[in-house]
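A quick write-up on the structure given underneath.
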Amino acid sequence: MYAKTIDFSKFSSIKIGQPTEVLMIENGDVIPDDRYLVGSANNLLISPAPPPLMMLSKDFAYIQKNDGMLEIGAAMPTGRIVSYAKKHNIAGFEFCAKLPGTLGGMLAMNAGVKKYEIFNILHSIQIDGNWIKKEEIEHGYRFAKLKGIATAARFQIVQGYSQELNDALRNLRANQPKDPSAGSAFKNPKGEAAGRLIEAVGLKGFRKGDMAWSDIHANFLVNLGRGSFEDAKYLIDLAKEKVYKTFHISLEEEIKIL
């Protein structure tokens, strides 16, 4: 393992943060239990004083076939996973084309698009060196209790990649803002849409400093230039307060705040 300084104002998808020392984990290392694991920082909001951080190195960015299974390292970018699936005519990964980041991040939050979720196609996850079947892992809509560090996952190989499905899911991004963001800020409450609730309380397009609730999709917190952590956190708290006051619904963050 080795230390690396990462400037999260450039590295994170929401472009907020500062140069921070991150411990890079290599194959064979004993993974520390006193650090927070970050992936490609696509759903992270980094504070001025984050906890000690670590990241999986490129040693964990691999794909290999093994006994009818596809084994993928947790540091593998979703784009490369989709490219591999297309090249080898493997079904099930088409929805990953809409999700930036790495496999590890998808596993940690059971990421998905509509009815398509990573746990739907998952066989097992390597957690702290042990292979655990998905049935033994508590999971649900946008959460998974891994109880450890995921370094790889296995999927049963099913033939039949669908470019039509890939294209259909990509088209869903048409209503997403192009400004830097961390994706959906809140999980959708049961039977509701967080974006609709935020818009209903008058916050769609609402701005503080260079941070704003997007005027394209109200559940996206966007950075319009030099957005700060403080302004982002203010808008998150404001949305939760107004939605609860109006609808008695507690919004739960999908974005991870460190």
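For the structure tokens, the naming scheme is as follows: chains receive sequential letters (A, B, ...) according to their order of presentation, residues are indexed from 1 within each chain, and ligands are indexed from 1 in presentation order.
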
Near range 95-113 of chain A, 12 Å: range 219-258 of chain A residue rows, closest pairs, only C-alpha atoms, as JSON lines:
```
{"residue": "A:Glu253", "atom": "CA", "partner": "A:Met109", "partner_atom": "CA", "distance": 11.5}
{"residue": "A:Glu254", "atom": "CA", "partner": "A:Met109", "partner_atom": "CA", "distance": 8.5}
{"residue": "A:Ile255", "atom": "CA", "partner": "A:Met109", "partner_atom": "CA", "distance": 10.1}
{"residue": "A:Lys256", "atom": "CA", "partner": "A:Met109", "partner_atom": "CA", "distance": 10.2}
```

Could you please take those selected residues and save N, CA and C atoms as a tab-separated table (two decimals), in the first residue's frame?
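Result file part_6.tsv:
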```tsv
chain	number	residue	atom	x	y	z
A	253	GLU	N	-30.64	10.54	2.22
A	253	GLU	CA	-29.60	10.81	1.24
A	253	GLU	C	-29.16	9.56	0.48
A	254	GLU	N	-29.02	9.71	-0.82
A	254	GLU	CA	-28.34	8.69	-1.62
A	254	GLU	C	-26.87	9.08	-1.75
A	255	ILE	N	-26.62	10.36	-1.78
A	255	ILE	CA	-25.27	10.88	-1.78
A	255	ILE	C	-24.61	10.58	-0.43
A	256	LYS	N	-23.33	10.25	-0.44
A	256	LYS	CA	-22.59	9.98	0.78
A	256	LYS	C	-21.83	11.23	1.20
```

TODO: Could you give me the residues within range 48-253 of chain A that DSSP places in strand (DSSP E or B), as number ranges by chain?
DONE: A: 53-56, 63-66, 69-73, 77, 90, 102, 112-113, 116-117, 122-127, 130-133, 139-140, 143-144, 150-156, 159, 181-184, 186, 207-208, 211-213, 220-223, 253

With C-alpha atoms retained, could you export that selection as a PDB file, in the first residue's frame?
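part03.pdb, written as the output of this step:
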```
ATOM      1  CA  LEU A  53      -9.698   7.590   3.422  1.00  0.00           C
ATOM      2  CA  MET A  54      -8.511   4.634   1.371  1.00  0.00           C
ATOM      3  CA  MET A  55      -9.030   3.427  -2.175  1.00  0.00           C
ATOM      4  CA  LEU A  56      -8.508   0.166  -4.060  1.00  0.00           C
ATOM      5  CA  ILE A  63     -12.411  -9.034 -15.380  1.00  0.00           C
ATOM      6  CA  GLN A  64     -11.886 -12.755 -15.845  1.00  0.00           C
ATOM      7  CA  LYS A  65     -13.961 -15.812 -16.687  1.00  0.00           C
ATOM      8  CA  ASN A  66     -13.806 -18.702 -14.249  1.00  0.00           C
ATOM      9  CA  MET A  69     -18.648 -17.213 -13.764  1.00  0.00           C
ATOM     10  CA  LEU A  70     -17.547 -13.700 -14.555  1.00  0.00           C
ATOM     11  CA  GLU A  71     -15.306 -12.398 -11.787  1.00  0.00           C
ATOM     12  CA  ILE A  72     -14.878  -8.618 -11.662  1.00  0.00           C
ATOM     13  CA  GLY A  73     -12.597  -6.620  -9.385  1.00  0.00           C
ATOM     14  CA  PRO A  77     -15.027   1.067 -14.002  1.00  0.00           C
ATOM     15  CA  ILE A  90     -22.935 -11.321 -22.000  1.00  0.00           C
ATOM     16  CA  THR A 102     -16.779   1.426 -10.257  1.00  0.00           C
ATOM     17  CA  GLY A 112     -29.392   0.417 -10.390  1.00  0.00           C
ATOM     18  CA  VAL A 113     -31.700   1.996 -12.919  1.00  0.00           C
ATOM     19  CA  TYR A 116     -32.394  -3.134 -12.946  1.00  0.00           C
ATOM     20  CA  GLU A 117     -30.093  -3.475  -9.907  1.00  0.00           C
ATOM     21  CA  LEU A 122     -25.034 -10.915  -8.617  1.00  0.00           C
ATOM     22  CA  HIS A 123     -23.894 -14.370  -7.477  1.00  0.00           C
ATOM     23  CA  SER A 124     -21.459 -13.536  -4.667  1.00  0.00           C
ATOM     24  CA  ILE A 125     -19.100 -10.888  -3.312  1.00  0.00           C
ATOM     25  CA  GLN A 126     -15.592 -11.233  -1.952  1.00  0.00           C
ATOM     26  CA  ILE A 127     -15.710  -9.395   1.375  1.00  0.00           C
ATOM     27  CA  ASN A 130     -14.208 -14.417   1.901  1.00  0.00           C
ATOM     28  CA  TRP A 131     -16.755 -15.189  -0.825  1.00  0.00           C
ATOM     29  CA  ILE A 132     -20.280 -14.465   0.433  1.00  0.00           C
ATOM     30  CA  LYS A 133     -23.378 -15.393  -1.591  1.00  0.00           C
ATOM     31  CA  HIS A 139     -29.871  -5.616   0.697  1.00  0.00           C
ATOM     32  CA  GLY A 140     -32.707  -3.637  -0.836  1.00  0.00           C
ATOM     33  CA  PHE A 143     -28.532  -0.225   0.060  1.00  0.00           C
ATOM     34  CA  ALA A 144     -26.460  -3.286   0.869  1.00  0.00           C
ATOM     35  CA  ALA A 150     -15.748  -5.719  -1.139  1.00  0.00           C
ATOM     36  CA  THR A 151     -12.797  -6.432  -3.412  1.00  0.00           C
ATOM     37  CA  ALA A 152     -14.492  -8.490  -6.161  1.00  0.00           C
ATOM     38  CA  ALA A 153     -17.788 -10.012  -7.237  1.00  0.00           C
ATOM     39  CA  ARG A 154     -18.936 -12.985  -9.290  1.00  0.00           C
ATOM     40  CA  PHE A 155     -21.788 -13.197 -11.772  1.00  0.00           C
ATOM     41  CA  GLN A 156     -23.276 -16.200 -13.565  1.00  0.00           C
ATOM     42  CA  GLN A 159     -25.404 -15.014 -23.107  1.00  0.00           C
ATOM     43  CA  SER A 181     -23.252  16.589  -9.554  1.00  0.00           C
ATOM     44  CA  ALA A 182     -23.122  13.479  -7.400  1.00  0.00           C
ATOM     45  CA  GLY A 183     -26.105  11.895  -9.128  1.00  0.00           C
ATOM     46  CA  SER A 184     -29.393  11.586  -7.286  1.00  0.00           C
ATOM     47  CA  PHE A 186     -31.924  11.476  -2.269  1.00  0.00           C
ATOM     48  CA  ARG A 207     -29.503  28.313  -5.589  1.00  0.00           C
ATOM     49  CA  LYS A 208     -27.131  29.138  -2.766  1.00  0.00           C
ATOM     50  CA  MET A 211     -24.720  25.197  -5.639  1.00  0.00           C
ATOM     51  CA  ALA A 212     -28.294  24.646  -6.799  1.00  0.00           C
ATOM     52  CA  TRP A 213     -31.101  22.146  -7.107  1.00  0.00           C
ATOM     53  CA  PHE A 220     -29.778  16.616  -8.687  1.00  0.00           C
ATOM     54  CA  LEU A 221     -27.625  18.953  -6.605  1.00  0.00           C
ATOM     55  CA  VAL A 222     -25.390  20.670  -9.146  1.00  0.00           C
ATOM     56  CA  ASN A 223     -22.197  22.691  -8.963  1.00  0.00           C
ATOM     57  CA  GLU A 253     -29.601  10.811   1.241  1.00  0.00           C
TER      58      GLU A 253
END
```

Task: Neighbour list for Leu44 in chain A as a list in words, cut-off 10 Å, only C-alpha atoms, skip fewer than 3 positions in-chain - done: Phe8, Ser12, Ser13, Ile14, Lys15, Ile16, Gly17, Val38, Gly39, Ser40, Ala41, Ser47, Ser181, Ala182, Gly183, Ala185, Glu254, Ile255, Lys256, Ile257 and Leu258 of chain A

Convert the current residue selection to file output with N, CA and C atoms, as a PDB file, in the first residue's frame.
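The new file again_11.pdb reads:
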```
ATOM      1  N   PHE A   8      -9.981  16.305  -4.541  1.00  0.00           N
ATOM      2  CA  PHE A   8     -11.374  15.954  -4.775  1.00  0.00           C
ATOM      3  C   PHE A   8     -12.160  17.060  -5.483  1.00  0.00           C
ATOM      4  N   SER A  12     -13.731  14.317  -7.762  1.00  0.00           N
ATOM      5  CA  SER A  12     -15.117  13.946  -7.478  1.00  0.00           C
ATOM      6  C   SER A  12     -16.044  14.474  -8.564  1.00  0.00           C
ATOM      7  N   SER A  13     -17.146  13.764  -8.788  1.00  0.00           N
ATOM      8  CA  SER A  13     -18.061  14.152  -9.864  1.00  0.00           C
ATOM      9  C   SER A  13     -18.753  15.480  -9.586  1.00  0.00           C
ATOM     10  N   ILE A  14     -18.888  15.852  -8.306  1.00  0.00           N
ATOM     11  CA  ILE A  14     -19.546  17.117  -7.962  1.00  0.00           C
ATOM     12  C   ILE A  14     -18.545  18.270  -7.850  1.00  0.00           C
ATOM     13  N   LYS A  15     -17.254  17.946  -7.985  1.00  0.00           N
ATOM     14  CA  LYS A  15     -16.174  18.936  -8.012  1.00  0.00           C
ATOM     15  C   LYS A  15     -16.102  19.764  -6.729  1.00  0.00           C
ATOM     16  N   ILE A  16     -16.231  19.076  -5.606  1.00  0.00           N
ATOM     17  CA  ILE A  16     -16.099  19.716  -4.302  1.00  0.00           C
ATOM     18  C   ILE A  16     -15.098  18.915  -3.474  1.00  0.00           C
ATOM     19  N   GLY A  17     -14.257  19.618  -2.740  1.00  0.00           N
ATOM     20  CA  GLY A  17     -13.273  18.946  -1.897  1.00  0.00           C
ATOM     21  C   GLY A  17     -11.960  19.679  -1.932  1.00  0.00           C
ATOM     22  N   VAL A  38     -13.299   4.815  -0.505  1.00  0.00           N
ATOM     23  CA  VAL A  38     -13.936   5.563  -1.583  1.00  0.00           C
ATOM     24  C   VAL A  38     -13.568   4.915  -2.913  1.00  0.00           C
ATOM     25  N   GLY A  39     -14.471   5.053  -3.866  1.00  0.00           N
ATOM     26  CA  GLY A  39     -14.212   4.522  -5.204  1.00  0.00           C
ATOM     27  C   GLY A  39     -13.835   5.654  -6.140  1.00  0.00           C
ATOM     28  N   SER A  40     -14.689   5.890  -7.124  1.00  0.00           N
ATOM     29  CA  SER A  40     -14.396   6.952  -8.082  1.00  0.00           C
ATOM     30  C   SER A  40     -15.067   8.268  -7.708  1.00  0.00           C
ATOM     31  N   ALA A  41     -15.617   8.333  -6.489  1.00  0.00           N
ATOM     32  CA  ALA A  41     -16.185   9.572  -5.927  1.00  0.00           C
ATOM     33  C   ALA A  41     -17.316  10.139  -6.764  1.00  0.00           C
ATOM     34  N   SER A  47     -16.275  16.733   2.826  1.00  0.00           N
ATOM     35  CA  SER A  47     -16.233  17.914   3.690  1.00  0.00           C
ATOM     36  C   SER A  47     -14.793  18.419   3.811  1.00  0.00           C
ATOM     37  N   SER A 181     -22.360  16.978 -10.648  1.00  0.00           N
ATOM     38  CA  SER A 181     -23.252  16.589  -9.554  1.00  0.00           C
ATOM     39  C   SER A 181     -22.761  15.264  -8.995  1.00  0.00           C
ATOM     40  N   ALA A 182     -23.433  14.793  -7.966  1.00  0.00           N
ATOM     41  CA  ALA A 182     -23.122  13.479  -7.400  1.00  0.00           C
ATOM     42  C   ALA A 182     -24.270  12.520  -7.683  1.00  0.00           C
ATOM     43  N   GLY A 183     -24.963  12.738  -8.801  1.00  0.00           N
ATOM     44  CA  GLY A 183     -26.105  11.895  -9.128  1.00  0.00           C
ATOM     45  C   GLY A 183     -27.305  12.260  -8.283  1.00  0.00           C
ATOM     46  N   ALA A 185     -29.471  13.004  -5.338  1.00  0.00           N
ATOM     47  CA  ALA A 185     -29.102  13.391  -3.974  1.00  0.00           C
ATOM     48  C   ALA A 185     -29.835  12.553  -2.935  1.00  0.00           C
ATOM     49  N   GLU A 254     -29.023   9.705  -0.823  1.00  0.00           N
ATOM     50  CA  GLU A 254     -28.337   8.691  -1.621  1.00  0.00           C
ATOM     51  C   GLU A 254     -26.868   9.081  -1.752  1.00  0.00           C
ATOM     52  N   ILE A 255     -26.624  10.365  -1.781  1.00  0.00           N
ATOM     53  CA  ILE A 255     -25.266  10.879  -1.781  1.00  0.00           C
ATOM     54  C   ILE A 255     -24.606  10.584  -0.429  1.00  0.00           C
ATOM     55  N   LYS A 256     -23.334  10.248  -0.442  1.00  0.00           N
ATOM     56  CA  LYS A 256     -22.594   9.977   0.783  1.00  0.00           C
ATOM     57  C   LYS A 256     -21.833  11.232   1.202  1.00  0.00           C
ATOM     58  N   ILE A 257     -22.068  11.683   2.416  1.00  0.00           N
ATOM     59  CA  ILE A 257     -21.426  12.893   2.925  1.00  0.00           C
ATOM     60  C   ILE A 257     -20.328  12.507   3.896  1.00  0.00           C
ATOM     61  N   LEU A 258     -19.100  12.893   3.590  1.00  0.00           N
ATOM     62  CA  LEU A 258     -17.955  12.533   4.433  1.00  0.00           C
ATOM     63  C   LEU A 258     -17.312  13.802   5.011  1.00  0.00           C
TER      64      LEU A 258
END
```

Task: Nearest to Asp59 in chain A by atom-to-atom distance, counting only C-alpha atoms, from A:Asp167, A:Asp29, A:Asp128, A:Glu199 - done: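 Checking each candidate against Asp59 in chain A, we get A:Asp29 as the closest.
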
Task: Counting only C-alpha atoms, the residue of A:Gly209, A:Asp7, A:Gly191, A:Asn166 that sits nearest Lys233 in chain A - done: A:Gly209

Task: Counting only C-alpha atoms, the option among A:Gly79, A:Ile198, A:Ile157, A:Arg170 closest to Asp67 in chain A - done: A:Ile157

Task: CA of Asn27 in chain A to CA of Ser57 in chain A, straight-line distance in Å - done: 8.0 Å

- [ ] Give the alpha helix (DSSP H) residues of range 26-229 of chain A, as assigned by DSSP on the backbone, as a PyMOL selection string.
- [x] chain A and resi 78-87+103-109+118-121+163-171+194-200+229

Let me see the file: selected residues, C-alpha atoms, as an mmCIF file, in the first residue's frame.
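The new file again_20.cif reads:
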```cif
data_model
loop_
_atom_site.group_PDB
_atom_site.id
_atom_site.type_symbol
_atom_site.label_atom_id
_atom_site.label_comp_id
_atom_site.auth_asym_id
_atom_site.auth_seq_id
_atom_site.Cartn_x
_atom_site.Cartn_y
_atom_site.Cartn_z
ATOM 1 C CA THR A 78 -18.597 0.442 -15.113
ATOM 2 C CA GLY A 79 -17.838 1.600 -18.650
ATOM 3 C CA ARG A 80 -15.220 -1.122 -19.090
ATOM 4 C CA ILE A 81 -17.628 -3.700 -17.676
ATOM 5 C CA VAL A 82 -20.242 -2.794 -20.267
ATOM 6 C CA SER A 83 -17.651 -2.869 -23.067
ATOM 7 C CA TYR A 84 -16.523 -6.342 -21.989
ATOM 8 C CA ALA A 85 -20.098 -7.613 -21.791
ATOM 9 C CA LYS A 86 -20.850 -6.290 -25.266
ATOM 10 C CA LYS A 87 -17.697 -7.784 -26.764
ATOM 11 C CA LEU A 103 -18.237 -1.954 -9.402
ATOM 12 C CA GLY A 104 -17.381 -1.495 -5.718
ATOM 13 C CA GLY A 105 -19.556 1.572 -5.466
ATOM 14 C CA MET A 106 -22.413 -0.235 -7.187
ATOM 15 C CA LEU A 107 -22.174 -3.138 -4.749
ATOM 16 C CA ALA A 108 -22.038 -0.877 -1.700
ATOM 17 C CA MET A 109 -25.349 0.781 -2.562
ATOM 18 C CA ILE A 118 -26.655 -5.003 -9.458
ATOM 19 C CA PHE A 119 -27.898 -7.513 -6.868
ATOM 20 C CA ASN A 120 -30.375 -8.887 -9.434
ATOM 21 C CA ILE A 121 -27.515 -10.369 -11.450
ATOM 22 C CA GLN A 163 -27.816 -3.117 -27.406
ATOM 23 C CA GLU A 164 -31.483 -2.136 -27.589
ATOM 24 C CA LEU A 165 -31.752 -2.251 -23.785
ATOM 25 C CA ASN A 166 -28.472 -0.390 -23.443
ATOM 26 C CA ASP A 167 -29.740 2.391 -25.718
ATOM 27 C CA ALA A 168 -33.103 2.598 -23.941
ATOM 28 C CA LEU A 169 -31.445 2.995 -20.538
ATOM 29 C CA ARG A 170 -28.964 5.541 -21.860
ATOM 30 C CA ASN A 171 -31.860 7.614 -23.149
ATOM 31 C CA ALA A 194 -37.686 12.720 -4.490
ATOM 32 C CA GLY A 195 -37.403 15.114 -7.427
ATOM 33 C CA ARG A 196 -41.148 15.713 -7.473
ATOM 34 C CA LEU A 197 -41.173 16.430 -3.742
ATOM 35 C CA ILE A 198 -38.269 18.878 -3.986
ATOM 36 C CA GLU A 199 -39.961 20.646 -6.878
ATOM 37 C CA ALA A 200 -43.293 20.705 -5.025
ATOM 38 C CA PHE A 229 -19.406 21.949 0.792
#
```

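Take the candidates A:Leu235, A:Ala193, A:Ala91, A:Ile6 and check each one against Ser162 in chain A using only C-alpha atoms; the shortest distance goes to A:Ala91.
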
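Nearest-residue note for Lys58 in chain A: choosing from A:Ala75, A:Val30, A:Leu203, A:Leu45, the minimum distance belongs to A:Ala75, counting only C-alpha atoms.
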
Task: Å distance separating CA of Gly202 in chain A from CA of Asn43 in chain A, one decimal place - done: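 The value is 24.2 Å.
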